[in-house]
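Below is the file my_file-v7.txt, which contains compact mmCIF, C-alpha atoms.
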```
# COMPACT_ATOMS: atom_id res chain seq x y z
CA MET Q 195 35.67 -62.18 -13.74
CA ARG Q 196 36.54 -58.70 -14.96
CA ARG Q 197 32.89 -57.62 -14.82
CA ALA Q 198 32.56 -58.86 -11.25
CA LEU Q 199 35.76 -57.05 -10.25
CA LEU Q 200 34.58 -53.82 -11.96
CA ALA Q 201 31.20 -54.01 -10.22
CA ALA Q 202 32.85 -54.50 -6.83
CA ILE Q 203 35.12 -51.49 -7.38
CA THR Q 204 32.16 -49.34 -8.45
CA ILE Q 205 30.13 -50.30 -5.38
CA SER Q 206 33.10 -49.55 -3.11
CA VAL Q 207 33.65 -46.11 -4.62
CA VAL Q 208 29.95 -45.19 -4.40
CA SER Q 209 29.76 -46.35 -0.79
CA LEU Q 210 32.70 -44.13 0.10
CA LEU Q 211 31.14 -41.08 -1.56
CA LEU Q 212 27.68 -41.49 -0.02
CA PRO Q 213 27.22 -40.51 3.65
CA ALA Q 214 26.48 -43.24 6.12
CA PRO Q 215 22.84 -43.62 7.20
CA GLY Q 216 21.91 -41.04 9.84
CA SER Q 217 24.93 -38.84 9.17
CA ALA Q 218 24.67 -35.16 8.28
CA GLN Q 219 24.11 -34.33 4.63
CA GLY Q 220 26.54 -31.45 4.72
CA PRO Q 221 27.88 -28.71 6.99
CA THR Q 222 25.20 -26.99 9.08
CA ASP Q 223 24.67 -23.29 8.42
CA PRO Q 224 26.30 -21.57 11.44
CA LEU Q 225 23.48 -18.97 11.57
CA VAL Q 226 20.82 -21.69 11.59
CA GLN Q 227 22.74 -23.57 14.26
CA GLU Q 228 22.98 -20.45 16.41
CA GLY Q 229 19.28 -19.83 15.92
CA GLU Q 230 18.45 -23.38 16.95
CA GLU Q 231 20.36 -22.88 20.21
CA ILE Q 232 18.50 -19.64 20.98
CA PHE Q 233 15.22 -21.29 20.00
CA SER Q 234 15.83 -24.22 22.34
CA ALA Q 235 16.53 -21.86 25.22
CA HIS Q 236 13.69 -19.37 24.74
CA CYS Q 237 11.02 -20.67 22.33
CA ALA Q 238 10.89 -24.47 22.53
CA SER Q 239 8.80 -24.47 25.73
CA CYS Q 240 5.80 -23.20 23.73
CA HIS Q 241 6.56 -24.15 20.12
CA GLY Q 242 8.19 -27.51 20.83
CA PRO Q 243 11.85 -28.56 20.55
CA ASP Q 244 11.55 -28.98 16.77
CA GLY Q 245 9.08 -26.13 16.17
CA ALA Q 246 6.18 -28.52 15.57
CA GLY Q 247 4.04 -26.75 18.19
CA THR Q 248 2.52 -27.67 21.53
CA GLU Q 249 -0.71 -26.89 23.37
CA PHE Q 250 0.88 -23.58 24.35
CA GLY Q 251 2.04 -22.43 20.91
CA PRO Q 252 1.39 -23.15 17.23
CA SER Q 253 3.66 -24.99 14.82
CA LEU Q 254 6.26 -22.85 13.08
CA GLU Q 255 6.77 -25.28 10.22
CA GLY Q 256 6.34 -23.43 6.95
CA VAL Q 257 5.56 -20.00 8.44
CA GLY Q 258 8.64 -18.61 6.69
CA ALA Q 259 11.20 -15.94 7.46
CA ALA Q 260 8.73 -13.05 7.11
CA SER Q 261 6.54 -14.30 9.94
CA ALA Q 262 9.42 -14.91 12.33
CA ASP Q 263 11.01 -11.57 11.51
CA PHE Q 264 7.74 -9.66 12.00
CA GLN Q 265 6.86 -11.32 15.30
CA LEU Q 266 10.35 -10.91 16.76
CA ARG Q 267 11.17 -7.39 15.57
CA THR Q 268 7.84 -5.99 16.77
CA GLY Q 269 8.27 -7.66 20.15
CA ARG Q 270 5.07 -9.70 19.77
CA MET Q 271 7.13 -12.81 20.45
CA PRO Q 272 8.11 -14.29 22.76
CA LEU Q 273 5.06 -13.92 25.02
CA PRO Q 274 5.66 -13.30 28.73
CA HIS Q 275 3.39 -16.29 29.39
CA PRO Q 276 1.04 -18.50 27.33
CA GLY Q 277 -2.22 -16.73 26.61
CA ALA Q 278 -0.79 -13.22 26.93
CA PRO Q 279 -1.93 -10.75 24.23
CA THR Q 280 0.35 -10.39 21.23
CA VAL Q 281 0.92 -6.64 21.27
CA ARG Q 282 3.75 -4.50 20.00
CA LYS Q 283 6.55 -3.97 22.52
CA PRO Q 284 10.36 -3.60 22.47
CA PRO Q 285 12.04 -6.69 20.99
CA ALA Q 286 13.38 -9.24 23.46
CA PHE Q 287 16.42 -10.12 21.32
CA SER Q 288 19.24 -8.25 19.62
CA ASP Q 289 19.28 -7.82 15.85
CA GLU Q 290 21.90 -10.54 15.55
CA GLU Q 291 19.85 -12.97 17.64
CA ILE Q 292 16.73 -12.19 15.62
CA ASP Q 293 18.60 -12.87 12.38
CA ALA Q 294 19.67 -16.25 13.75
CA LEU Q 295 16.18 -17.15 14.96
CA VAL Q 296 14.69 -16.13 11.63
CA ALA Q 297 17.19 -18.31 9.78
CA TYR Q 298 16.31 -21.29 11.99
CA VAL Q 299 12.53 -20.86 11.65
CA ALA Q 300 12.91 -20.46 7.88
CA SER Q 301 14.77 -23.79 7.81
CA LEU Q 302 11.74 -25.59 9.29
CA GLY Q 303 9.82 -25.40 6.03
CA GLU Q 304 9.23 -23.28 2.96
CA GLY Q 305 7.30 -20.09 3.65
CA PRO Q 306 7.10 -16.38 2.75
CA ALA Q 307 10.48 -14.66 2.62
CA ILE Q 308 11.19 -11.21 4.04
CA PRO Q 309 10.09 -8.69 1.39
CA ASP Q 310 12.48 -6.20 -0.15
CA VAL Q 311 11.01 -2.86 0.96
CA ASP Q 312 11.73 0.52 -0.60
CA PRO Q 313 8.85 3.01 -0.24
CA THR Q 314 10.72 5.56 -2.36
CA ILE Q 315 9.96 3.50 -5.47
CA GLY Q 316 6.32 2.96 -4.51
CA SER Q 317 3.43 4.79 -6.18
CA LEU Q 318 1.57 7.07 -3.77
CA PRO Q 319 -1.71 7.05 -5.79
CA ILE Q 320 -1.66 3.25 -6.02
CA GLY Q 321 -0.76 2.93 -2.36
CA THR Q 322 -3.59 5.28 -1.37
CA GLU Q 323 -6.14 3.26 -3.34
CA LEU Q 324 -4.89 -0.08 -2.05
CA PHE Q 325 -4.79 1.09 1.56
CA LEU Q 326 -8.27 2.62 1.48
CA ASP Q 327 -9.73 -0.50 -0.17
CA ASN Q 328 -7.97 -3.13 1.94
CA CYS Q 329 -6.55 -1.63 5.13
CA ALA Q 330 -8.65 1.40 6.09
CA PRO Q 331 -11.77 -0.62 7.06
CA CYS Q 332 -9.84 -1.84 10.12
CA HIS Q 333 -6.89 0.53 10.61
CA GLY Q 334 -8.74 3.69 9.57
CA ALA Q 335 -8.03 6.00 6.65
CA THR Q 336 -5.35 7.74 8.71
CA ALA Q 337 -3.83 4.46 10.02
CA ASN Q 338 -4.66 5.29 13.64
CA GLY Q 339 -6.36 1.94 14.24
CA GLY Q 340 -9.46 1.23 16.31
CA ALA Q 341 -11.96 -1.42 17.39
CA VAL Q 342 -13.30 -3.53 14.54
CA GLY Q 343 -15.86 -5.69 16.38
CA GLY Q 344 -15.75 -9.25 17.67
CA ASN Q 345 -13.37 -8.23 20.47
CA ALA Q 346 -10.80 -7.40 17.80
CA PHE Q 347 -8.72 -4.25 17.74
CA ALA Q 348 -6.66 -3.03 14.82
CA PRO Q 349 -3.54 -1.26 16.15
CA SER Q 350 -2.23 2.05 14.93
CA LEU Q 351 0.27 1.68 12.12
CA ARG Q 352 2.12 4.89 12.93
CA PRO Q 353 4.74 3.25 15.21
CA SER Q 354 5.48 0.67 12.49
CA GLU Q 355 8.67 0.59 10.48
CA PRO Q 356 8.50 0.14 6.67
CA ILE Q 357 9.55 -3.52 6.96
CA ASP Q 358 6.75 -4.15 9.49
CA LEU Q 359 4.19 -2.59 7.16
CA ALA Q 360 5.32 -4.81 4.29
CA GLU Q 361 5.51 -8.03 6.31
CA ALA Q 362 2.12 -7.74 8.06
CA PRO Q 363 -0.04 -8.28 4.92
CA ILE Q 364 2.07 -11.33 4.04
CA VAL Q 365 2.00 -12.77 7.56
CA GLY Q 366 -1.54 -11.88 8.65
CA PRO Q 367 -0.77 -11.52 12.38
CA GLY Q 368 -3.54 -12.23 14.87
CA GLN Q 369 -6.99 -11.80 13.30
CA MET Q 370 -5.63 -9.95 10.29
CA PRO Q 371 -6.08 -11.83 6.97
CA THR Q 372 -3.22 -12.39 4.55
CA PHE Q 373 -3.02 -10.53 1.23
CA SER Q 374 -1.36 -11.42 -2.04
CA PHE Q 375 0.12 -8.02 -2.84
CA THR Q 376 3.00 -7.78 -5.28
CA ASN Q 377 6.26 -6.24 -4.10
CA GLU Q 378 5.41 -3.07 -6.03
CA GLU Q 379 2.03 -2.86 -4.30
CA LEU Q 380 3.62 -3.38 -0.88
CA ASN Q 381 6.08 -0.56 -1.55
CA SER Q 382 3.17 1.66 -2.59
CA ILE Q 383 1.17 0.92 0.56
CA VAL Q 384 4.22 1.59 2.71
CA ALA Q 385 4.76 4.86 0.84
CA TYR Q 386 1.19 5.92 1.68
CA VAL Q 387 1.52 5.12 5.40
CA GLU Q 388 4.91 6.84 5.58
CA ARG Q 389 3.30 9.91 3.98
CA LEU Q 390 0.57 9.87 6.63
CA LYS Q 391 3.21 9.98 9.36
CA GLU Q 392 4.62 13.19 7.90
CA GLU Q 393 1.28 14.99 7.65
CA SER Q 394 -0.08 17.16 10.44
CA GLY Q 395 -3.74 17.75 11.22
CA HIS Q 396 -5.51 20.47 9.29
CA GLY Q 397 -8.51 22.53 10.34
CA GLY Q 398 -8.14 22.32 14.12
CA LEU Q 399 -8.26 19.41 16.55
CA ASP Q 400 -8.45 16.11 14.66
CA ILE Q 401 -9.38 13.97 17.71
CA GLY Q 402 -6.74 11.39 17.00
CA GLY Q 403 -7.44 11.28 13.29
CA VAL Q 404 -10.15 8.67 13.77
CA GLY Q 405 -12.24 9.97 10.89
CA PRO Q 406 -15.02 12.44 10.06
CA VAL Q 407 -17.93 10.47 11.57
CA PRO Q 408 -16.71 10.36 15.19
CA GLU Q 409 -15.33 13.87 14.82
CA GLY Q 410 -18.80 14.97 13.69
CA PHE Q 411 -20.41 13.33 16.74
CA VAL Q 412 -18.01 15.18 19.02
CA ALA Q 413 -18.83 18.47 17.26
CA TRP Q 414 -22.57 17.87 17.63
CA GLY Q 415 -22.15 16.90 21.28
CA PHE Q 416 -20.17 20.06 21.99
CA ALA Q 417 -22.79 22.15 20.16
CA MET Q 418 -25.65 20.61 22.20
CA VAL Q 419 -23.86 21.30 25.48
CA MET Q 420 -23.29 24.91 24.46
CA LEU Q 421 -26.94 25.24 23.42
CA VAL Q 422 -28.14 23.97 26.81
CA ILE Q 423 -25.85 26.43 28.59
CA ILE Q 424 -27.10 29.33 26.46
CA VAL Q 425 -30.76 28.41 27.10
CA TRP Q 426 -30.06 28.12 30.82
CA LEU Q 427 -28.37 31.53 30.88
CA ILE Q 428 -31.26 33.15 28.96
CA GLY Q 429 -33.81 31.60 31.31
CA ARG Q 430 -31.89 32.73 34.37
CA SER Q 431 -31.60 36.26 33.01
CA LYS Q 432 -35.32 36.44 32.25
CA ARG Q 433 -36.25 35.14 35.71
CA GLY Q 434 -34.05 37.80 37.28
CA ASN Q 435 -35.73 40.52 35.27
CA ASP Q 436 -39.21 39.27 36.27
CA GLU Q 437 -38.30 39.30 39.96
CA ALA Q 438 -37.02 42.86 39.63
```

Write out the structure in this file as structure tokens.
Amino acid sequence: MRRALLAAITISVVSLLLPAPGSAQGPTDPLVQEGEEIFSAHCASCHGPDGAGTEFGPSLEGVGAASADFQLRTGRMPLPHPGAPTVRKPPAFSDEEIDALVAYVASLGEGPAIPDVDPTIGSLPIGTELFLDNCAPCHGATANGGAVGGNAFAPSLRPSEPIDLAEAPIVGPGQMPTFSFTNEELNSIVAYVERLKEESGHGGLDIGGVGPVPEGFVAWGFAMVMLVIIVWLIGRSKRGNDEA
């Protein structure tokens, strides 16, 4: 009898402590809740009401805070209409709204977090080597960007903020692959790009800093035009002397 009474009391206590089926498991994060409201109003039409994606936009489950922060702060999202190019433009939301949206997207599944960026602690030699080996083939040694084939275009990195430069390798926006850089390596790469922004061209016109090969072609083209003009002037002068 006592055992039965004790078991009944135990079951009653446990049932009171456990939430009822379907009830919330705890208080909702106010920032996540705010982000969900903004998401429903501005993003759900393409990414779905729960972020699982639709025919107009991919799933955001597991993309992480870094991806949402990068896309929103660089103005690549939201798109003006489905199919529009994802290019850098002024952000459509305030910093506070972006923070809320990032918190909501991060809650949809585990993904890369926003990196802690401080280029002042990065190594410039390491950043130079990493950038030239991994980034320069598309963005150019001077980070001015350019066409990379296959209808792909690598944008200039000069308008980018340090946080953008650190998030992009983690996120892999568009046709860009993802990289597994350490936080120290990211800081070093950012330090290199920030150094490029401070440098001015040396040795005359740098033609947008697109590199020595195209600059050489321009120099040769200019030299050929000048040569043709000189030959034409010599021929004209000689013809005039013959007629005299």

Atom CA of Glu304 of chain Q to atom CA of Val257 of chain Q, distance in Å rounded to a single decimal: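 Result for atom CA of Glu304 of chain Q versus atom CA of Val257 of chain Q: 7.4 Å, one decimal.
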
Pairwise distance for atom CA of Glu290 of chain Q and atom CA of Ala259 of chain Q, rounded to one decimal in Å: 14.5 Å

Residues within 12 Å of (8.7, 5.3, -4.5), counting all atoms listed in the file, listed as a PyMOL selection string: chain Q and resi 311-321+377-386+388-389

Separation of atom CA of Glu230 of chain Q from atom CA of Ala278 of chain Q in Å: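 For atom CA of Ala278 of chain Q relative to atom CA of Glu230 of chain Q, the distance reads 23.9 Å.
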
Nearest candidate to His275 of chain Q (options Q:Ala260, Q:Val299, Q:Leu427, Q:Cys240; using only C-alpha atoms):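 Closest candidate: Q:Cys240.
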
Pick from Q:Val425, Q:Ala297, Q:Val419, Q:Ala307 nearest to Val365 of chain Q, counting only C-alpha atoms: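 The closest residue to Val365 of chain Q is Q:Ala307.
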
Test item: residues at most 10 Å from Ala362 of chain Q, only C-alpha atoms, excluding those fewer than 6 positions along its chain, as a list of chain:residue names: Q:Ala260, Q:Ser261, Q:Phe264, Q:Gln265, Q:Gly368, Q:Met370, Q:Pro371, Q:Thr372, Q:Phe373

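The smallest atom-to-atom distance between Leu390 of chain Q and any of Q:Thr268, Q:Asn328, Q:Ser354, Q:Thr376, using only C-alpha atoms, is found for Q:Ser354.
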
Model the absent atoms of segment 375-387 of chain Q so that N, CA, C and O atoms are present, and write the result as a JSON list (two decimals), keeping the file's coordinate frame.
```json
[["chain", "number", "residue", "atom", "x", "y", "z"],
["Q", 375, "PHE", "N", -0.39, -9.21, -2.16],
["Q", 375, "PHE", "CA", 0.12, -8.02, -2.84],
["Q", 375, "PHE", "C", 1.44, -8.34, -3.52],
["Q", 375, "PHE", "O", 2.24, -9.14, -3.02],
["Q", 376, "THR", "N", 1.69, -7.69, -4.64],
["Q", 376, "THR", "CA", 3.00, -7.78, -5.28],
["Q", 376, "THR", "C", 3.98, -6.91, -4.50],
["Q", 376, "THR", "O", 3.57, -6.08, -3.67],
["Q", 377, "ASN", "N", 5.27, -7.05, -4.78],
["Q", 377, "ASN", "CA", 6.26, -6.24, -4.10],
["Q", 377, "ASN", "C", 6.07, -4.76, -4.42],
["Q", 377, "ASN", "O", 6.25, -3.89, -3.56],
["Q", 378, "GLU", "N", 5.67, -4.47, -5.65],
["Q", 378, "GLU", "CA", 5.41, -3.07, -6.03],
["Q", 378, "GLU", "C", 4.23, -2.51, -5.24],
["Q", 378, "GLU", "O", 4.27, -1.36, -4.78],
["Q", 379, "GLU", "N", 3.20, -3.32, -5.06],
["Q", 379, "GLU", "CA", 2.03, -2.86, -4.30],
["Q", 379, "GLU", "C", 2.38, -2.65, -2.83],
["Q", 379, "GLU", "O", 1.90, -1.70, -2.19],
["Q", 380, "LEU", "N", 3.20, -3.55, -2.28],
["Q", 380, "LEU", "CA", 3.62, -3.38, -0.88],
["Q", 380, "LEU", "C", 4.39, -2.08, -0.71],
["Q", 380, "LEU", "O", 4.17, -1.34, 0.26],
["Q", 381, "ASN", "N", 5.32, -1.81, -1.62],
["Q", 381, "ASN", "CA", 6.08, -0.56, -1.55],
["Q", 381, "ASN", "C", 5.16, 0.65, -1.64],
["Q", 381, "ASN", "O", 5.39, 1.68, -0.99],
["Q", 382, "SER", "N", 4.10, 0.55, -2.43],
["Q", 382, "SER", "CA", 3.17, 1.66, -2.59],
["Q", 382, "SER", "C", 2.35, 1.88, -1.32],
["Q", 382, "SER", "O", 2.12, 3.02, -0.90],
["Q", 383, "ILE", "N", 1.92, 0.80, -0.69],
["Q", 383, "ILE", "CA", 1.17, 0.92, 0.56],
["Q", 383, "ILE", "C", 2.05, 1.52, 1.65],
["Q", 383, "ILE", "O", 1.62, 2.40, 2.42],
["Q", 384, "VAL", "N", 3.28, 1.05, 1.72],
["Q", 384, "VAL", "CA", 4.22, 1.59, 2.71],
["Q", 384, "VAL", "C", 4.45, 3.07, 2.45],
["Q", 384, "VAL", "O", 4.52, 3.88, 3.39],
["Q", 385, "ALA", "N", 4.56, 3.46, 1.19],
["Q", 385, "ALA", "CA", 4.76, 4.86, 0.84],
["Q", 385, "ALA", "C", 3.59, 5.71, 1.34],
["Q", 385, "ALA", "O", 3.78, 6.83, 1.84],
["Q", 386, "TYR", "N", 2.37, 5.18, 1.22],
["Q", 386, "TYR", "CA", 1.19, 5.92, 1.68],
["Q", 386, "TYR", "C", 1.21, 6.10, 3.20],
["Q", 386, "TYR", "O", 0.97, 7.19, 3.71],
["Q", 387, "VAL", "N", 1.50, 5.03, 3.94],
["Q", 387, "VAL", "CA", 1.52, 5.12, 5.40],
["Q", 387, "VAL", "C", 2.65, 6.04, 5.87],
["Q", 387, "VAL", "O", 2.48, 6.83, 6.81]]
```
